[in-house]
Amino acid sequence: MAEPLRVILAGATGWAGSALARGIAAAPDLRLVAAVGRRHAGRRLSDVLGEPRLDCPVHASAAEALAVPADVFVEYTRPDSAKANVLAALAAGLHAVVGTSGLTDADYEEIDAVARERQRAVLACGNFAITAVLMMKFAEMAAAYLDHFEIVDYAHETKVDAPSGTARELSVRLGRVKQSRLDVPLDGVRGPREARGARLNGVQVHSVRAPGYTISVEAVFGGRGERLQIRHDAGESAEPYVGGALLAIRRVHTFSGVRRGLDTVMP
Ligand SMILES: NC(=O)c1ccc[n+]([C@@H]2O[C@H](COP(=O)([O-])OP(=O)(O)OC[C@H]3O[C@@H](n4cnc5c(N)ncnc54)[C@H](OP(=O)(O)O)[C@@H]3O)[C@@H](O)[C@H]2O)c1
């Protein structure tokens, strides 16, 4: 059998990262060689997560963790540290999988240039869950037939980034199909223009942040006398993201530059 792929996981002690770490522990073709997380820095991840198969150090920063030889860097921290971590991973010669939300299209353009120069790959997935991937595909199909569409994303009150990574990725994908039609141009809106949301990649995007919501995203399509809503609701568990993230780790070496969306590497 080939040597296991060596993975560094930034955010391994977090909600999403700890579920992924357990998934990596159970995968014979993957080996977690280092973790990143500030509060548990200096400890073994196995002790932090109570999983003996995750016997690797937790480092306070990606820069420290990247001193450990590895193949793939997984970014699962927070929007404010994600871009620097990914660039550091590319500089160290690793491919990167980005689960963290909040990076902008401009950030990805910059990362793409660096990745191509170094002949490395970055796979950015606003949502690793298969049901979310399907929602995006169905929405793309609808956008081919309908001209009026908008995106609404809902999340808990403490989510710092807006729109969500899923909503951003959806805007990129729908915008590639076509720009959504605005019968009243944004400059012609009477009242605060923000009431019509942000125009991202040619699509209006609205973010709701309030207690009681987990993470949901909705693509809303309108036709004459009819409506179509395509919605994804995440539950409370991080489990749905694990399978997709494992696939991303295994497939990221197959191209170079930035790709966005898990389905770009799905068989
Ligand atoms: N793509 C997807 O399918 C998907 C799914 C779920 C979540 N997400 C996104 O993934 C990100 C993480 O979400 P989460 O709910 O797991 O957050 P979380 O529970 O707060 O976990 C964040 C992790 O990153 C570490 N961290 C944060 N800032 C850091 C820094 N500056 N340096 C080093 N480590 C740092 C935290 O440890 P310390 O605080 O101890 O440093 C913790 O281990 C968010 O952007 C979220 O939107 C994406």
# chains A, B, ... in the order shown; residues from 1 in each chain; ligands from 1
$ closest_atom_pairs --of "chain A" --to "ligand 1" --cutoff "7 Å" --atoms "only C-alpha atoms and all ligand atoms" --output "JSON lines"
{"residue": "A:Ala10", "atom": "CA", "partner": "ligand 1", "partner_atom_place_in_ligand_line": "34 (N)", "distance": 6.2}
{"residue": "A:Gly11", "atom": "CA", "partner": "ligand 1", "partner_atom_place_in_ligand_line": "24 (O)", "distance": 3.3}
{"residue": "A:Ala12", "atom": "CA", "partner": "ligand 1", "partner_atom_place_in_ligand_line": "43 (O)", "distance": 4.9}
{"residue": "A:Thr13", "atom": "CA", "partner": "ligand 1", "partner_atom_place_in_ligand_line": "43 (O)", "distance": 3.7}
{"residue": "A:Gly14", "atom": "CA", "partner": "ligand 1", "partner_atom_place_in_ligand_line": "21 (O)", "distance": 3.3}
{"residue": "A:Trp15", "atom": "CA", "partner": "ligand 1", "partner_atom_place_in_ligand_line": "16 (O)", "distance": 3.8}
{"residue": "A:Ala16", "atom": "CA", "partner": "ligand 1", "partner_atom_place_in_ligand_line": "16 (O)", "distance": 3.7}
{"residue": "A:Gly17", "atom": "CA", "partner": "ligand 1", "partner_atom_place_in_ligand_line": "16 (O)", "distance": 5.4}
{"residue": "A:Val36", "atom": "CA", "partner": "ligand 1", "partner_atom_place_in_ligand_line": "34 (N)", "distance": 5.4}
{"residue": "A:Gly37", "atom": "CA", "partner": "ligand 1", "partner_atom_place_in_ligand_line": "34 (N)", "distance": 3.8}
{"residue": "A:Arg38", "atom": "CA", "partner": "ligand 1", "partner_atom_place_in_ligand_line": "41 (O)", "distance": 3.5}
{"residue": "A:Arg39", "atom": "CA", "partner": "ligand 1", "partner_atom_place_in_ligand_line": "40 (O)", "distance": 3.6}
{"residue": "A:His40", "atom": "CA", "partner": "ligand 1", "partner_atom_place_in_ligand_line": "40 (O)", "distance": 5.9}
{"residue": "A:Ala60", "atom": "CA", "partner": "ligand 1", "partner_atom_place_in_ligand_line": "33 (C)", "distance": 5.8}
{"residue": "A:Ser61", "atom": "CA", "partner": "ligand 1", "partner_atom_place_in_ligand_line": "33 (C)", "distance": 5.1}
{"residue": "A:Ala62", "atom": "CA", "partner": "ligand 1", "partner_atom_place_in_ligand_line": "33 (C)", "distance": 6.7}
{"residue": "A:Tyr76", "atom": "CA", "partner": "ligand 1", "partner_atom_place_in_ligand_line": "10 (O)", "distance": 4.8}
{"residue": "A:Thr77", "atom": "CA", "partner": "ligand 1", "partner_atom_place_in_ligand_line": "24 (O)", "distance": 3.3}
{"residue": "A:Arg78", "atom": "CA", "partner": "ligand 1", "partner_atom_place_in_ligand_line": "45 (O)", "distance": 4.7}
{"residue": "A:Pro79", "atom": "CA", "partner": "ligand 1", "partner_atom_place_in_ligand_line": "45 (O)", "distance": 5.5}
{"residue": "A:Asp80", "atom": "CA", "partner": "ligand 1", "partner_atom_place_in_ligand_line": "31 (N)", "distance": 7.0}
{"residue": "A:Ser81", "atom": "CA", "partner": "ligand 1", "partner_atom_place_in_ligand_line": "31 (N)", "distance": 5.0}
{"residue": "A:Gly99", "atom": "CA", "partner": "ligand 1", "partner_atom_place_in_ligand_line": "1 (N)", "distance": 3.7}
{"residue": "A:Thr100", "atom": "CA", "partner": "ligand 1", "partner_atom_place_in_ligand_line": "45 (O)", "distance": 3.7}
{"residue": "A:Ser101", "atom": "CA", "partner": "ligand 1", "partner_atom_place_in_ligand_line": "45 (O)", "distance": 4.0}
{"residue": "A:Gly102", "atom": "CA", "partner": "ligand 1", "partner_atom_place_in_ligand_line": "45 (O)", "distance": 6.4}
{"residue": "A:Cys125", "atom": "CA", "partner": "ligand 1", "partner_atom_place_in_ligand_line": "1 (N)", "distance": 5.1}
{"residue": "A:Gly126", "atom": "CA", "partner": "ligand 1", "partner_atom_place_in_ligand_line": "1 (N)", "distance": 4.3}
{"residue": "A:Asn127", "atom": "CA", "partner": "ligand 1", "partner_atom_place_in_ligand_line": "3 (O)", "distance": 3.2}
{"residue": "A:Phe128", "atom": "CA", "partner": "ligand 1", "partner_atom_place_in_ligand_line": "3 (O)", "distance": 3.8}
{"residue": "A:Ala129", "atom": "CA", "partner": "ligand 1", "partner_atom_place_in_ligand_line": "3 (O)", "distance": 5.9}
{"residue": "A:Ser164", "atom": "CA", "partner": "ligand 1", "partner_atom_place_in_ligand_line": "47 (O)", "distance": 6.8}
{"residue": "A:Gly165", "atom": "CA", "partner": "ligand 1", "partner_atom_place_in_ligand_line": "47 (O)", "distance": 6.6}
{"residue": "A:Ala238", "atom": "CA", "partner": "ligand 1", "partner_atom_place_in_ligand_line": "6 (C)", "distance": 6.5}
{"residue": "A:Tyr241", "atom": "CA", "partner": "ligand 1", "partner_atom_place_in_ligand_line": "3 (O)", "distance": 5.1}
$ residues_around --residues "Thr254 in chain A" --least-positions-apart "2" --cutoff "10 Å" --atoms "only C-alpha atoms" --output "count of residues only"
8
$ select_by_dssp --residues "range 69-226 of chain A" --states "strand (DSSP E or B)" --output "ChimeraX atom specification"
/A:72-75,95-98,121-124,148-155,198-200,203-209,215-223,226
$ write_last_selection --atoms "N, CA and C atoms" --output "compact mmCIF listing (two decimals), in the first residue's frame"
# COMPACT_ATOMS: atom_id res chain seq x y z
N VAL A 72 -0.54 17.79 2.62
CA VAL A 72 -1.76 18.60 2.47
C VAL A 72 -2.01 19.39 3.75
N PHE A 73 -2.32 20.66 3.58
CA PHE A 73 -2.68 21.53 4.70
C PHE A 73 -4.18 21.77 4.65
N VAL A 74 -4.87 21.55 5.75
CA VAL A 74 -6.31 21.83 5.79
C VAL A 74 -6.55 23.05 6.67
N GLU A 75 -7.23 24.03 6.10
CA GLU A 75 -7.53 25.29 6.81
C GLU A 75 -8.97 25.24 7.32
N HIS A 95 -0.12 21.33 -0.79
CA HIS A 95 -1.43 21.63 -1.35
C HIS A 95 -2.33 22.04 -0.17
N ALA A 96 -3.41 22.77 -0.47
CA ALA A 96 -4.27 23.21 0.63
C ALA A 96 -5.74 22.95 0.32
N VAL A 97 -6.47 22.56 1.36
CA VAL A 97 -7.92 22.43 1.32
C VAL A 97 -8.48 23.48 2.26
N VAL A 98 -9.39 24.32 1.77
CA VAL A 98 -9.91 25.41 2.61
C VAL A 98 -11.38 25.16 2.92
N ALA A 121 -1.98 23.08 -5.55
CA ALA A 121 -3.43 23.20 -5.70
C ALA A 121 -4.08 23.67 -4.41
N VAL A 122 -5.15 24.43 -4.57
CA VAL A 122 -5.97 24.85 -3.43
C VAL A 122 -7.41 24.52 -3.77
N LEU A 123 -8.03 23.70 -2.95
CA LEU A 123 -9.43 23.35 -3.16
C LEU A 123 -10.24 24.02 -2.05
N ALA A 124 -11.05 25.00 -2.45
CA ALA A 124 -11.83 25.77 -1.47
C ALA A 124 -13.28 25.34 -1.55
N HIS A 148 -34.55 35.80 -12.93
CA HIS A 148 -34.58 36.53 -11.66
C HIS A 148 -34.24 35.57 -10.53
N PHE A 149 -33.13 35.82 -9.84
CA PHE A 149 -32.80 34.97 -8.68
C PHE A 149 -31.94 35.73 -7.69
N GLU A 150 -32.09 35.36 -6.41
CA GLU A 150 -31.33 36.00 -5.34
C GLU A 150 -30.94 34.91 -4.33
N ILE A 151 -29.93 35.22 -3.52
CA ILE A 151 -29.47 34.25 -2.51
C ILE A 151 -29.73 34.83 -1.13
N VAL A 152 -30.25 34.00 -0.22
CA VAL A 152 -30.43 34.42 1.17
C VAL A 152 -29.69 33.43 2.05
N ASP A 153 -28.82 33.94 2.94
CA ASP A 153 -28.13 33.01 3.84
C ASP A 153 -28.50 33.34 5.27
N TYR A 154 -28.74 32.31 6.07
CA TYR A 154 -29.17 32.46 7.46
C TYR A 154 -28.13 31.79 8.35
N ALA A 155 -27.75 32.46 9.46
CA ALA A 155 -26.81 31.84 10.38
C ALA A 155 -27.03 32.38 11.79
N ALA A 198 -26.22 42.69 -1.16
CA ALA A 198 -24.94 42.96 -1.82
C ALA A 198 -24.93 42.28 -3.18
N ARG A 199 -24.37 42.96 -4.19
CA ARG A 199 -24.27 42.28 -5.50
C ARG A 199 -22.92 41.59 -5.57
N LEU A 200 -22.95 40.27 -5.56
CA LEU A 200 -21.73 39.47 -5.59
C LEU A 200 -21.76 38.60 -6.83
N VAL A 203 -25.06 38.56 -8.61
CA VAL A 203 -26.24 38.02 -7.92
C VAL A 203 -26.46 38.81 -6.63
N GLN A 204 -27.73 39.13 -6.29
CA GLN A 204 -28.00 39.79 -5.01
C GLN A 204 -27.91 38.76 -3.89
N VAL A 205 -27.17 39.11 -2.81
CA VAL A 205 -26.99 38.20 -1.69
C VAL A 205 -27.40 38.91 -0.40
N HIS A 206 -28.23 38.25 0.43
CA HIS A 206 -28.73 38.82 1.67
C HIS A 206 -28.33 37.89 2.81
N SER A 207 -27.84 38.45 3.93
CA SER A 207 -27.44 37.61 5.07
C SER A 207 -28.26 37.96 6.29
N VAL A 208 -28.89 36.96 6.89
CA VAL A 208 -29.65 37.12 8.13
C VAL A 208 -28.82 36.49 9.25
N ARG A 209 -28.64 37.20 10.36
CA ARG A 209 -27.88 36.67 11.50
C ARG A 209 -28.73 36.80 12.75
N ILE A 215 -27.14 27.08 10.09
CA ILE A 215 -26.63 27.58 8.82
C ILE A 215 -27.59 27.10 7.73
N SER A 216 -28.17 28.04 7.02
CA SER A 216 -29.03 27.67 5.88
C SER A 216 -28.72 28.59 4.73
N VAL A 217 -28.94 28.10 3.53
CA VAL A 217 -28.81 28.98 2.37
C VAL A 217 -29.92 28.65 1.38
N GLU A 218 -30.43 29.70 0.77
CA GLU A 218 -31.61 29.57 -0.08
C GLU A 218 -31.32 30.28 -1.41
N ALA A 219 -31.60 29.62 -2.51
CA ALA A 219 -31.59 30.29 -3.81
C ALA A 219 -33.06 30.48 -4.17
N VAL A 220 -33.43 31.73 -4.39
CA VAL A 220 -34.83 32.07 -4.64
C VAL A 220 -34.97 32.49 -6.09
N PHE A 221 -35.83 31.82 -6.83
CA PHE A 221 -36.04 32.11 -8.26
C PHE A 221 -37.46 32.58 -8.46
N GLY A 222 -37.63 33.57 -9.31
CA GLY A 222 -38.98 34.05 -9.61
C GLY A 222 -39.25 34.00 -11.10
N GLY A 223 -40.44 33.52 -11.46
CA GLY A 223 -40.92 33.59 -12.84
C GLY A 223 -42.25 34.31 -12.82
N GLU A 226 -45.01 32.46 -10.70
CA GLU A 226 -44.52 31.24 -10.03
C GLU A 226 -43.20 31.53 -9.33
$ select_by_dssp --residues "range 66-251 of chain A" --states "alpha helix (DSSP H)" --output "ChimeraX atom specification"
/A:79-91,105-117,130-145,165-177,242-251
$ residues_around --residues "range 49-57 of chain A" --least-positions-apart "2" --cutoff "6 Å" --atoms "only C-alpha atoms" --output "list in words"
Ala25, Val33, Ala34, Arg44, Leu45, Ser46 and Asp47 of chain A
$ residues_around --residues "Arg116 in chain A" --least-positions-apart "3" --cutoff "12 Å" --atoms "only C-alpha atoms" --output "number ranges by chain"
A: 90-91, 93, 95, 108-113, 119-122, 255-259
$ write_last_selection --atoms "C-alpha atoms" --output "short mmCIF file (atom, residue, chain, number, x, y, z; two decimals), in the first residue's frame"
data_model
loop_
_atom_site.label_atom_id
_atom_site.label_comp_id
_atom_site.auth_asym_id
_atom_site.auth_seq_id
_atom_site.Cartn_x
_atom_site.Cartn_y
_atom_site.Cartn_z
CA LEU A 90 1.80 27.05 -0.36
CA ALA A 91 5.15 28.66 0.48
CA GLY A 93 5.21 23.41 -0.78
CA HIS A 95 -1.43 21.63 -1.35
CA TYR A 108 -8.81 33.59 -4.05
CA GLU A 109 -7.40 35.38 -7.09
CA GLU A 110 -4.27 36.20 -5.11
CA ILE A 111 -4.02 32.65 -3.76
CA ASP A 112 -4.56 31.26 -7.28
CA ALA A 113 -1.59 33.23 -8.65
CA GLN A 119 2.43 24.37 -9.09
CA ARG A 120 0.33 23.57 -6.08
CA ALA A 121 -3.43 23.20 -5.70
CA VAL A 122 -5.97 24.85 -3.43
CA PHE A 255 -4.74 19.91 -10.44
CA SER A 256 -2.96 23.22 -9.85
CA GLY A 257 -4.25 26.66 -8.90
CA VAL A 258 -7.52 27.34 -7.06
CA ARG A 259 -10.71 25.37 -7.58
#
$ decode --residues "range 192-217 of chain A" --atoms "N, CA, C and O atoms" --output "CSV table (one decimal), in the first residue's frame"
chain,number,residue,atom,x,y,z
A,192,PRO,N,-32.6,53.0,1.1
A,192,PRO,CA,-31.2,52.5,1.2
A,192,PRO,C,-30.9,51.4,0.2
A,192,PRO,O,-31.7,50.4,0.2
A,193,ARG,N,-29.9,51.5,-0.6
A,193,ARG,CA,-29.6,50.5,-1.6
A,193,ARG,C,-29.3,49.2,-0.9
A,193,ARG,O,-29.5,48.1,-1.5
A,194,GLU,N,-28.7,49.2,0.3
A,194,GLU,CA,-28.4,48.0,1.0
A,194,GLU,C,-29.6,47.1,1.2
A,194,GLU,O,-29.5,45.9,1.4
A,195,ALA,N,-30.8,47.7,1.2
A,195,ALA,CA,-32.0,46.9,1.4
A,195,ALA,C,-32.1,45.8,0.3
A,195,ALA,O,-32.8,44.8,0.5
A,196,ARG,N,-31.4,46.0,-0.9
A,196,ARG,CA,-31.5,45.1,-1.9
A,196,ARG,C,-30.3,44.0,-1.8
A,196,ARG,O,-30.1,43.2,-2.7
A,197,GLY,N,-29.6,44.1,-0.7
A,197,GLY,CA,-28.5,43.2,-0.5
A,197,GLY,C,-27.2,43.6,-1.2
A,197,GLY,O,-27.1,44.7,-1.8
A,198,ALA,N,-26.2,42.7,-1.2
A,198,ALA,CA,-24.9,43.0,-1.8
A,198,ALA,C,-24.9,42.3,-3.2
A,198,ALA,O,-25.5,41.2,-3.3
A,199,ARG,N,-24.4,43.0,-4.2
A,199,ARG,CA,-24.3,42.3,-5.5
A,199,ARG,C,-22.9,41.6,-5.6
A,199,ARG,O,-21.9,42.2,-5.6
A,200,LEU,N,-23.0,40.3,-5.6
A,200,LEU,CA,-21.7,39.5,-5.6
A,200,LEU,C,-21.8,38.6,-6.8
A,200,LEU,O,-22.7,37.8,-7.0
A,201,ASN,N,-20.8,38.8,-7.7
A,201,ASN,CA,-20.7,38.0,-8.9
A,201,ASN,C,-21.9,38.0,-9.8
A,201,ASN,O,-22.3,37.0,-10.4
A,202,GLY,N,-22.6,39.2,-9.7
A,202,GLY,CA,-23.8,39.4,-10.5
A,202,GLY,C,-25.1,38.8,-9.9
A,202,GLY,O,-26.1,38.6,-10.6
A,203,VAL,N,-25.1,38.6,-8.6
A,203,VAL,CA,-26.2,38.0,-7.9
A,203,VAL,C,-26.5,38.8,-6.6
A,203,VAL,O,-25.5,39.1,-6.0
A,204,GLN,N,-27.7,39.1,-6.3
A,204,GLN,CA,-28.0,39.8,-5.0
A,204,GLN,C,-27.9,38.8,-3.9
A,204,GLN,O,-28.5,37.7,-4.0
A,205,VAL,N,-27.2,39.1,-2.8
A,205,VAL,CA,-27.0,38.2,-1.7
A,205,VAL,C,-27.4,38.9,-0.4
A,205,VAL,O,-27.0,40.0,-0.2
A,206,HIS,N,-28.2,38.3,0.4
A,206,HIS,CA,-28.7,38.8,1.7
A,206,HIS,C,-28.3,37.9,2.8
A,206,HIS,O,-28.5,36.7,2.7
A,207,SER,N,-27.8,38.4,3.9
A,207,SER,CA,-27.4,37.6,5.1
A,207,SER,C,-28.3,38.0,6.3
A,207,SER,O,-28.3,39.1,6.7
A,208,VAL,N,-28.9,37.0,6.9
A,208,VAL,CA,-29.6,37.1,8.1
A,208,VAL,C,-28.8,36.5,9.2
A,208,VAL,O,-28.3,35.4,9.1
A,209,ARG,N,-28.6,37.2,10.4
A,209,ARG,CA,-27.9,36.7,11.5
A,209,ARG,C,-28.7,36.8,12.8
A,209,ARG,O,-29.0,37.9,13.2
A,210,ALA,N,-29.1,35.7,13.4
A,210,ALA,CA,-30.0,35.8,14.5
A,210,ALA,C,-29.9,34.4,15.3
A,210,ALA,O,-29.7,33.4,14.7
A,211,PRO,N,-30.2,34.5,16.6
A,211,PRO,CA,-30.2,33.2,17.4
A,211,PRO,C,-31.4,32.4,16.8
A,211,PRO,O,-32.3,32.9,16.3
A,212,GLY,N,-31.2,31.1,17.0
A,212,GLY,CA,-32.3,30.2,16.5
A,212,GLY,C,-32.0,29.6,15.1
A,212,GLY,O,-32.6,28.6,14.7
A,213,TYR,N,-31.0,30.3,14.4
A,213,TYR,CA,-30.6,29.7,13.1
A,213,TYR,C,-29.3,29.0,13.3
A,213,TYR,O,-28.4,29.4,14.1
A,214,THR,N,-29.1,27.9,12.5
A,214,THR,CA,-27.8,27.3,12.4
A,214,THR,C,-27.1,27.8,11.2
A,214,THR,O,-26.6,28.9,11.2
A,215,ILE,N,-27.1,27.1,10.1
A,215,ILE,CA,-26.6,27.6,8.8
A,215,ILE,C,-27.6,27.1,7.7
A,215,ILE,O,-27.8,25.9,7.6
A,216,SER,N,-28.2,28.0,7.0
A,216,SER,CA,-29.0,27.7,5.9
A,216,SER,C,-28.7,28.6,4.7
A,216,SER,O,-28.3,29.7,4.9
A,217,VAL,N,-28.9,28.1,3.5
A,217,VAL,CA,-28.8,29.0,2.4
A,217,VAL,C,-29.9,28.6,1.4
A,217,VAL,O,-30.3,27.5,1.2
